[in-house]
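Peer 1: Hey, dropping work.cif in here, mmCIF, C-alpha atoms:
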```cif
data_final
loop_
_atom_site.label_atom_id
_atom_site.label_comp_id
_atom_site.auth_asym_id
_atom_site.auth_seq_id
_atom_site.Cartn_x
_atom_site.Cartn_y
_atom_site.Cartn_z
CA MET A 142 82.77 117.35 74.34
CA SER A 143 85.67 119.82 74.67
CA ILE A 144 88.23 120.62 71.96
CA SER A 145 90.98 119.05 74.10
CA LEU A 146 89.10 115.76 74.37
CA VAL A 147 88.45 115.69 70.60
CA ILE A 148 92.16 116.30 69.91
CA LEU A 149 93.13 113.63 72.45
CA ILE A 150 90.88 110.93 70.98
CA THR A 151 91.77 111.84 67.37
CA THR A 152 95.52 111.77 68.08
CA VAL A 153 95.35 108.41 69.84
CA ILE A 154 93.30 106.86 67.01
CA CYS A 155 95.59 108.28 64.29
CA THR A 156 98.86 107.17 65.94
CA PHE A 157 97.41 103.74 66.67
CA PHE A 158 96.20 103.36 63.06
CA LEU A 159 99.59 104.53 61.75
CA THR A 160 101.36 101.96 63.94
CA PHE A 161 99.08 99.17 62.76
CA VAL A 162 99.48 100.08 59.07
CA TYR A 163 103.28 100.15 59.31
CA ILE A 164 103.44 96.88 61.26
CA ASN A 165 101.06 95.22 58.80
CA LYS A 166 103.20 96.32 55.84
CA HIS A 167 106.52 95.23 57.36
CA SER A 168 105.41 92.30 59.54
CA LYS A 169 107.98 89.91 57.98
CA GLU A 170 110.88 92.25 58.82
CA ILE A 171 109.94 92.81 62.47
CA SER A 172 111.54 90.47 64.99
CA ALA A 173 109.35 88.36 67.27
CA MET A 174 110.59 90.17 70.39
CA THR A 175 109.86 93.64 68.99
CA GLY A 176 106.46 92.48 67.76
CA MET A 177 105.45 91.08 71.14
CA MET A 178 106.67 94.22 72.90
CA ALA A 179 104.67 96.41 70.50
CA ALA A 180 101.46 94.39 71.00
CA MET A 181 101.85 94.30 74.79
CA SER A 182 102.69 98.00 75.05
CA MET A 183 99.86 99.17 72.79
CA GLY A 184 97.33 96.93 74.52
CA MET A 185 98.39 98.16 77.96
CA LEU A 186 98.55 101.87 76.99
CA ILE A 187 95.22 101.96 75.16
CA GLY A 188 93.57 99.91 77.90
CA LEU A 189 94.93 102.17 80.67
CA LEU A 190 94.00 105.46 78.99
CA GLY A 191 90.65 104.27 77.63
CA GLY A 192 89.75 102.47 80.85
CA THR A 193 90.47 105.57 82.92
CA ILE A 194 88.29 107.79 80.74
CA VAL A 195 85.46 105.23 80.79
CA GLY A 196 85.92 104.81 84.55
CA ILE A 197 85.42 108.55 85.01
CA TYR A 198 82.29 108.58 82.86
CA PHE A 199 80.79 105.56 84.63
CA ALA A 200 82.17 106.14 88.14
CA GLU A 201 79.02 104.69 89.68
CA ASN A 202 79.17 101.46 87.66
CA LEU A 203 82.61 99.91 88.10
CA TYR A 204 81.45 96.64 86.50
CA LEU A 205 80.45 98.34 83.23
CA SER A 206 83.55 100.56 83.08
CA THR A 207 85.80 97.55 83.75
CA ILE A 208 84.19 95.50 80.96
CA ILE A 209 84.50 98.39 78.48
CA GLY A 210 88.05 99.22 79.58
CA LEU A 211 89.42 95.69 79.32
CA GLY A 212 87.56 95.27 76.03
CA MET A 213 89.30 98.33 74.55
CA GLY A 214 92.70 97.14 75.74
CA MET A 215 92.25 93.57 74.53
CA ILE A 216 91.03 94.67 71.09
CA ALA A 217 93.94 97.13 70.71
CA GLY A 218 96.52 94.51 71.70
CA ALA A 219 94.97 91.89 69.43
CA ILE A 220 94.90 94.23 66.41
CA ILE A 221 98.58 95.22 66.75
CA GLY A 222 99.73 91.64 67.33
CA LEU A 223 97.59 90.01 64.62
CA PRO A 224 99.85 90.84 61.61
CA LEU A 225 102.89 89.56 63.52
CA SER A 226 101.92 86.26 65.14
CA PHE A 227 99.20 84.54 67.12
CA LEU A 228 101.41 84.63 70.23
CA ALA A 229 101.96 88.38 69.89
CA SER A 230 98.21 88.87 69.58
CA ILE A 231 97.59 86.81 72.76
CA GLU A 232 100.26 88.78 74.65
CA GLY A 233 98.67 92.03 73.49
CA MET A 234 95.21 90.92 74.61
CA LEU A 235 96.42 89.90 78.09
CA SER A 236 98.29 93.20 78.56
CA GLY A 237 95.25 95.11 77.32
CA LEU A 238 93.05 93.24 79.78
CA MET A 239 95.30 94.26 82.67
CA GLY A 240 95.57 97.88 81.48
CA GLY A 241 91.81 98.21 81.02
CA MET A 242 91.07 96.86 84.49
CA MET A 243 93.59 99.17 86.15
CA GLY A 244 92.34 102.15 84.15
CA ALA A 245 88.71 101.55 85.12
CA MET A 246 89.61 101.39 88.81
CA LEU A 247 91.77 104.51 88.53
CA GLY A 248 88.98 106.41 86.78
CA ALA A 249 86.46 105.47 89.48
CA MET A 250 88.72 106.49 92.35
CA ILE A 251 90.43 109.61 91.00
CA SER A 252 89.56 112.91 92.67
CA ILE A 253 87.46 115.36 90.64
CA VAL A 254 90.14 118.00 91.17
CA ASN A 255 92.78 115.79 89.49
CA ILE A 256 90.75 114.43 86.55
CA ASP A 257 92.25 116.78 83.94
CA SER A 258 95.81 116.22 85.16
CA ILE A 259 95.67 112.42 85.20
CA ILE A 260 94.10 112.23 81.73
CA LYS A 261 96.78 114.53 80.28
CA ILE A 262 99.56 112.53 81.97
CA LEU A 263 98.22 109.21 80.64
CA PHE A 264 97.75 110.76 77.19
CA LEU A 265 101.37 111.96 77.23
CA ILE A 266 102.61 108.50 78.26
CA GLU A 267 100.51 106.81 75.55
CA ILE A 268 101.74 109.06 72.74
CA VAL A 269 105.40 109.07 73.80
CA PHE A 270 105.59 105.28 74.06
CA ASN A 271 103.66 104.86 70.82
CA ILE A 272 106.29 107.01 69.09
CA ILE A 273 109.09 104.98 70.73
CA ILE A 274 107.50 101.74 69.47
CA LEU A 275 107.26 103.19 65.96
CA TYR A 276 110.89 104.32 66.17
CA LEU A 277 112.08 100.82 67.13
CA ILE A 278 110.00 99.19 64.40
CA VAL A 279 111.17 101.65 61.74
CA ASN A 280 114.81 100.95 62.62
CA GLU A 281 114.23 97.23 62.02
CA THR A 282 112.69 97.72 58.57
CA ARG A 283 113.95 98.93 55.23
CA ASP A 284 111.37 101.03 53.49
CA ARG A 285 112.84 102.19 50.18
CA LYS A 286 110.12 104.77 49.72
CA ASP A 287 111.16 106.35 53.01
CA TRP A 288 107.81 107.88 53.96
CA PHE A 289 107.88 111.45 55.21
CA PHE A 290 107.00 110.44 58.77
CA VAL A 291 109.72 107.76 58.66
CA LYS A 292 112.38 110.35 57.84
CA GLY A 293 111.24 112.47 60.76
CA LEU A 294 111.00 109.48 63.07
CA LYS A 295 114.56 108.41 62.27
CA ASN A 296 115.77 111.79 63.54
CA PRO A 297 115.20 111.94 67.32
CA MET A 298 115.71 115.71 67.41
CA ILE A 299 112.99 116.39 64.83
CA SER A 300 110.51 113.97 66.41
CA GLY A 301 111.29 115.32 69.91
CA ILE A 302 110.72 118.95 68.89
CA ALA A 303 107.52 117.99 67.05
CA LEU A 304 106.25 116.11 70.10
CA MET A 305 107.01 118.96 72.52
CA SER A 306 105.38 121.49 70.18
CA PHE A 307 102.27 119.33 69.91
CA PHE A 308 101.85 119.03 73.67
CA PHE A 309 102.46 122.74 74.15
CA LEU A 310 99.69 123.55 71.67
CA PHE A 311 97.45 120.84 73.15
CA ASN A 312 97.84 122.32 76.62
CA THR A 313 96.69 125.73 75.34
CA THR A 314 93.35 124.34 74.13
CA GLY A 315 92.00 124.38 77.69
CA THR A 316 90.70 121.77 80.09
CA ILE A 317 89.40 118.38 79.03
CA THR A 318 86.36 118.89 81.33
CA ILE A 319 85.37 115.21 81.42
CA SER A 320 83.84 115.77 84.86
CA ASN A 321 81.15 118.02 83.38
CA THR A 322 79.69 115.05 81.50
CA LEU A 323 79.47 112.62 84.39
CA GLY A 324 76.11 111.33 85.49
CA ASN A 325 76.95 111.86 89.15
CA HIS A 326 78.18 115.37 88.41
CA SER A 327 74.92 116.48 86.84
CA SER A 328 74.38 120.10 85.86
CA HIS A 329 70.99 120.00 87.55
CA GLU A 330 72.64 119.59 90.94
CA ASN A 331 75.02 122.48 90.27
CA HIS A 332 72.11 124.61 89.08
CA ASN A 333 70.31 124.07 92.40
CA VAL A 334 73.38 125.21 94.32
CA GLU A 335 73.71 128.32 92.14
CA ASN A 336 70.04 129.16 92.75
CA GLN A 337 70.63 128.97 96.48
CA THR A 338 73.47 131.46 96.09
CA VAL A 339 71.31 133.89 94.13
CA LYS A 340 68.36 133.68 96.53
CA ASN A 341 70.49 134.47 99.57
CA LYS A 342 73.35 136.84 98.86
CA GLU A 343 74.31 137.41 102.49
CA ILE A 344 74.36 133.78 103.63
CA ASN A 345 75.01 131.17 100.99
CA VAL A 346 73.33 127.91 102.10
CA ILE A 347 74.66 124.69 100.56
CA GLN A 348 72.73 121.46 101.08
CA ILE A 349 74.82 118.28 100.81
CA ASP A 350 73.27 114.84 101.17
CA ALA A 351 75.30 111.71 101.85
CA LYS A 352 74.22 108.26 100.71
CA ASP A 353 76.17 105.01 100.74
CA TYR A 354 78.64 105.91 99.20
CA LYS A 355 78.36 109.24 97.41
CA TYR A 356 77.67 112.92 97.94
CA ASN A 357 74.95 114.98 96.28
CA PRO A 358 76.04 117.37 94.86
CA VAL A 359 79.68 116.53 94.24
CA GLU A 360 80.59 120.02 93.00
CA PHE A 361 79.65 123.49 94.22
CA LYS A 362 80.99 127.04 94.25
CA ILE A 363 81.16 129.70 96.98
CA LYS A 364 82.48 133.24 97.12
CA ASN A 365 85.62 134.18 98.98
CA GLU A 366 85.01 136.01 102.33
CA GLN A 367 81.27 135.38 102.11
CA GLN A 368 79.42 133.72 105.00
CA VAL A 369 78.51 130.18 103.98
CA THR A 370 76.46 127.53 105.73
CA ILE A 371 76.81 123.88 104.72
CA ASN A 372 73.91 121.68 105.78
CA PHE A 373 75.02 118.07 105.78
CA LYS A 374 72.30 115.38 105.84
CA ASN A 375 73.16 111.70 106.16
CA THR A 376 70.51 109.64 104.37
CA GLY A 377 72.66 106.51 104.34
CA ALA A 378 72.72 103.46 106.58
CA VAL A 379 76.12 104.18 108.15
CA GLU A 380 77.80 107.28 109.57
CA HIS A 381 79.45 109.75 107.20
CA ASP A 382 81.31 113.03 107.41
CA ILE A 383 82.79 115.82 105.29
CA GLN A 384 86.40 116.92 105.58
CA ILE A 385 87.82 119.91 103.66
CA ASP A 386 91.61 120.20 103.92
CA GLY A 387 93.83 123.13 102.99
CA LEU A 388 91.15 125.82 103.17
CA GLU A 389 91.86 128.90 105.26
CA ALA A 390 88.53 129.82 106.85
CA GLU A 391 86.95 131.66 109.76
CA ILE A 392 84.61 129.28 111.61
CA ILE A 393 81.45 131.13 112.70
CA ASN A 394 79.29 128.25 113.94
CA MET A 395 79.75 124.49 114.11
CA GLU A 396 77.19 121.92 115.26
CA SER A 397 79.37 118.85 114.89
CA HIS A 398 83.07 118.30 115.29
CA ARG A 399 84.90 115.02 115.35
CA HIS A 400 87.73 114.69 117.84
CA GLY A 401 91.13 115.27 116.25
CA ALA A 402 89.74 116.67 112.97
CA GLU A 403 91.26 119.83 111.50
CA GLY A 404 89.96 122.26 108.89
CA ILE A 405 86.31 122.27 107.86
CA HIS A 406 84.68 119.14 109.27
CA ILE A 407 81.05 118.01 109.58
CA HIS A 408 79.89 114.67 110.94
CA ALA A 409 76.44 113.03 110.96
CA MET A 410 75.09 109.68 112.04
CA PRO A 411 72.51 107.84 109.85
CA GLY A 412 69.30 109.90 109.56
CA GLU A 413 70.85 112.95 111.23
CA GLN A 414 71.82 116.37 109.95
CA SER A 415 74.62 118.76 110.96
CA SER A 416 75.78 122.14 109.73
CA ILE A 417 78.74 124.47 109.78
CA THR A 418 78.95 128.20 109.03
CA PHE A 419 82.21 129.80 107.94
CA LYS A 420 83.91 132.37 105.74
CA ALA A 421 86.50 131.17 103.25
CA LEU A 422 89.69 133.26 103.32
CA LYS A 423 91.41 131.66 100.36
CA THR A 424 90.46 131.09 96.72
CA GLY A 425 91.04 127.86 94.83
CA VAL A 426 89.61 124.39 94.32
CA PHE A 427 89.43 122.18 97.41
CA GLU A 428 88.60 118.50 97.66
CA TYR A 429 86.14 117.30 100.26
CA TYR A 430 85.78 113.66 101.27
CA CYS A 431 84.57 111.21 103.91
CA THR A 432 87.24 110.29 106.47
CA LEU A 433 85.61 106.99 107.49
CA PRO A 434 87.82 104.02 106.48
CA GLY A 435 87.17 102.94 102.91
CA HIS A 436 84.51 105.57 102.19
CA LYS A 437 86.75 107.90 100.17
CA GLU A 438 88.05 104.96 98.14
CA SER A 439 84.44 103.95 97.43
CA GLY A 440 83.68 107.29 95.80
CA MET A 441 82.81 109.73 98.60
CA ILE A 442 84.77 112.63 97.10
CA GLY A 443 83.63 116.10 96.06
CA SER A 444 85.00 119.45 94.94
CA MET A 445 84.43 122.94 96.35
CA SER A 446 85.50 125.98 94.31
CA VAL A 447 86.16 129.29 96.09
CA PHE A 448 86.24 132.31 93.77
#
```
Will you turn the file into structure tokens for me?

Peer 2:
Amino acid sequence: MSISLVILITTVICTFFLTFVYINKHSKEISAMTGMMAAMSMGMLIGLLGGTIVGIYFAENLYLSTIIGLGMGMIAGAIIGLPLSFLASIEGMLSGLMGGMMGAMLGAMISIVNIDSIIKILFLIEIVFNIIILYLIVNETRDRKDWFFVKGLKNPMISGIALMSFFFLFNTTGTITISNTLGNHSSHENHNVENQTVKNKEINVIQIDAKDYKYNPVEFKIKNEQQVTINFKNTGAVEHDIQIDGLEAEIINMESHRHGAEGIHIHAMPGEQSSITFKALKTGVFEYYCTLPGHKESGMIGSMSVF
């Protein structure tokens, strides 16, 4: 688990706990409307963020990730609403259910290339709206002790600067690297690809197998301006292909080309194998996917890094 992920989880838990403690202490002073909004918002935000992370971890089991995601959202909404009223708790649970379901689906469908970005965006949304909820609740209550965090929260400039500073420091801790822990992104698969690169320095041969509906491996690396051959074998029951967009490359040999396709493209019918040989002329991370209707949405997405 990366430092960024530890910070993310710790921050979410701490802010959620702080919100619950303050609501529990001042539940009689908080209006019914504010209480319901707080329960609904927290249930939705926790469910969306937690469901997305779980959906990424269990991309191959949407049922399990959905159950866990909606469970996290419902529990979060119920906890926040419980000190306020039974109705607020119900509203929080329903919002959490919706957020968890959406998060699980988002996590299962998101491209490997965009995993870090989407998690950071959802984390930012969760923290910002949690702070806004706390701000609204604090302005409805009269705490004579005036806790230190309450004084800062009552001053939008101080809380804004603190929030921006936190996210600046958080962004410097590096990538969240959730994709490195996924079952379908196993290190064993990447190790095999790296071994192929070492064994053949002149021609890097990458073997990609397609099943219904996933690639194996889903991540690999190649060198810029090095001759590369991708062997694509379709072991599934329906036709599949590989499309790599945005990569500048010199095509050396191509066995299969689908009419109208641009960029790097390989196509294979069930039980067949095709290959393409090329030289990449641009570094970066490029997504590859199946262009057949519904296949990409079902999880046929991979990532190729050119260095």

Peer 1: Select, from A:Thr370, A:Asn345, A:Thr193, A:Ser226, the residue with the minimum atom-to-atom distance to A:Leu211, counting all atoms listed in the file.

Peer 2: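 Smallest distance to A:Leu211 is found for A:Thr193.
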
Peer 1: Starting from the shown file, work through the PyMOL selection byres ((chain A and resi 190) around 12) and note down what comes out as a PyMOL selection string.

Peer 2: chain A and resi 149-150+153+183-189+191-197+209-211+213-214+217+237+239-248+259-268

Peer 1: Do a neighbour search on stretch 421-433 of chain A at 8 Å with all atoms listed in the file, toss out local chain neighbours closer than 3 positions, and write the hits as an MDAnalysis selection string.

Peer 2: chainID A and resid 252:254 364:368 381:391 436:437 441:448

Peer 1: Give me the residues within 9 Å of A:Ala351 as a ChimeraX atom specification, counting all atoms listed in the file and dropping any in the same chain fewer than 4 places off.

Peer 2: /A:355-357,373-377,381-382,441

Peer 1: Output the selection as a PDB file, keeping the file's coordinate frame - C-alpha atoms for each residue.

Peer 2:
```pdb
ATOM      1  CA  LYS A 355      78.360 109.240  97.410  1.00  0.00           C
ATOM      2  CA  TYR A 356      77.670 112.920  97.940  1.00  0.00           C
ATOM      3  CA  ASN A 357      74.950 114.980  96.280  1.00  0.00           C
ATOM      4  CA  PHE A 373      75.020 118.070 105.780  1.00  0.00           C
ATOM      5  CA  LYS A 374      72.300 115.380 105.840  1.00  0.00           C
ATOM      6  CA  ASN A 375      73.160 111.700 106.160  1.00  0.00           C
ATOM      7  CA  THR A 376      70.510 109.640 104.370  1.00  0.00           C
ATOM      8  CA  GLY A 377      72.660 106.510 104.340  1.00  0.00           C
ATOM      9  CA  HIS A 381      79.450 109.750 107.200  1.00  0.00           C
ATOM     10  CA  ASP A 382      81.310 113.030 107.410  1.00  0.00           C
ATOM     11  CA  MET A 441      82.810 109.730  98.600  1.00  0.00           C
TER      12      MET A 441
END
```

Peer 1: Take the PyMOL selection byres ((chain A and resi 282) around 10), run it mentally on this structure, and tell me the resulting residues as a ChimeraX atom specification.

Peer 2: /A:163-164,166-172,277-281,283-285

Peer 1: Take the residues from that selection and write them out as a JSON list (two decimals), keeping the file's coordinate frame, keeping C-alpha atoms.

Peer 2:
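As a result, out-v1.json now contains:
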```json
[["chain", "number", "residue", "atom", "x", "y", "z"],
["A", 163, "TYR", "CA", 103.28, 100.15, 59.31],
["A", 164, "ILE", "CA", 103.44, 96.88, 61.26],
["A", 166, "LYS", "CA", 103.20, 96.32, 55.84],
["A", 167, "HIS", "CA", 106.52, 95.23, 57.36],
["A", 168, "SER", "CA", 105.41, 92.30, 59.54],
["A", 169, "LYS", "CA", 107.98, 89.91, 57.98],
["A", 170, "GLU", "CA", 110.88, 92.25, 58.82],
["A", 171, "ILE", "CA", 109.94, 92.81, 62.47],
["A", 172, "SER", "CA", 111.54, 90.47, 64.99],
["A", 277, "LEU", "CA", 112.08, 100.82, 67.13],
["A", 278, "ILE", "CA", 110.00, 99.19, 64.40],
["A", 279, "VAL", "CA", 111.17, 101.65, 61.74],
["A", 280, "ASN", "CA", 114.81, 100.95, 62.62],
["A", 281, "GLU", "CA", 114.23, 97.23, 62.02],
["A", 283, "ARG", "CA", 113.95, 98.93, 55.23],
["A", 284, "ASP", "CA", 111.37, 101.03, 53.49],
["A", 285, "ARG", "CA", 112.84, 102.19, 50.18]]
```

Peer 1: How many Å separate atom CA of A:Ile302 from atom CA of A:Ile272?

Peer 2: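 Distance reported for this atom pair: 12.7 Å.
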
Peer 1: Rank nothing, just name the residue among A:Ala180, A:Met174, A:Leu159, A:Leu203 nearest to A:Ile216, using only C-alpha atoms.

Peer 2: A:Ala180

Peer 1: By how many Å are atom CA of A:Thr207 and atom CA of A:Glu438 apart?

Peer 2: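 For atom CA of A:Thr207 relative to atom CA of A:Glu438, the distance reads 16.3 Å.
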
Peer 1: So that I can see what lies close to A:Thr160, please list as number ranges by chain the residues with an atom at most 9 Å from it, counting all atoms listed in the file and leaving out residues fewer than 6 positions away in the same chain.

Peer 2: A: 221, 271-272, 274-275

Peer 1: Print the selection's residues with C-alpha atoms to a file, as a PDB file, keeping the file's coordinate frame.

Peer 2:
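Below you can see selection-v7.pdb, which holds the result:
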```pdb
ATOM      1  CA  ILE A 221      98.580  95.220  66.750  1.00  0.00           C
ATOM      2  CA  ASN A 271     103.660 104.860  70.820  1.00  0.00           C
ATOM      3  CA  ILE A 272     106.290 107.010  69.090  1.00  0.00           C
ATOM      4  CA  ILE A 274     107.500 101.740  69.470  1.00  0.00           C
ATOM      5  CA  LEU A 275     107.260 103.190  65.960  1.00  0.00           C
TER       6      LEU A 275
END
```

Peer 1: Please, which residues are within 9 Å of (67.5, 103.4, 113.5) by the file's coordinates, counting all atoms listed in the file, and could they come as a list in words?

Peer 2: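 Output: Ala378, Pro411 and Gly412 of chain A.
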
Peer 1: In Å, how far is it from atom CA of A:Gly218 to atom CA of A:Val162?

Peer 2: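 For atom CA of A:Gly218 relative to atom CA of A:Val162, the distance reads 14.1 Å.
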
Peer 1: With only C-alpha atoms as the atoms that count, which of A:Ile251, A:Asp353, A:Ile256, A:Leu225 lies nearest to A:Met178?

Peer 2: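 With only C-alpha atoms as the atom set, the closest residue is A:Leu225.
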
Peer 1: When you count only C-alpha atoms, which of these residues is closest to A:Ala409: A:Lys352, A:Ile392, A:Leu235, A:Pro358?

Peer 2: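 Nearest candidate to A:Ala409 out of A:Lys352, A:Ile392, A:Leu235, A:Pro358: A:Lys352.
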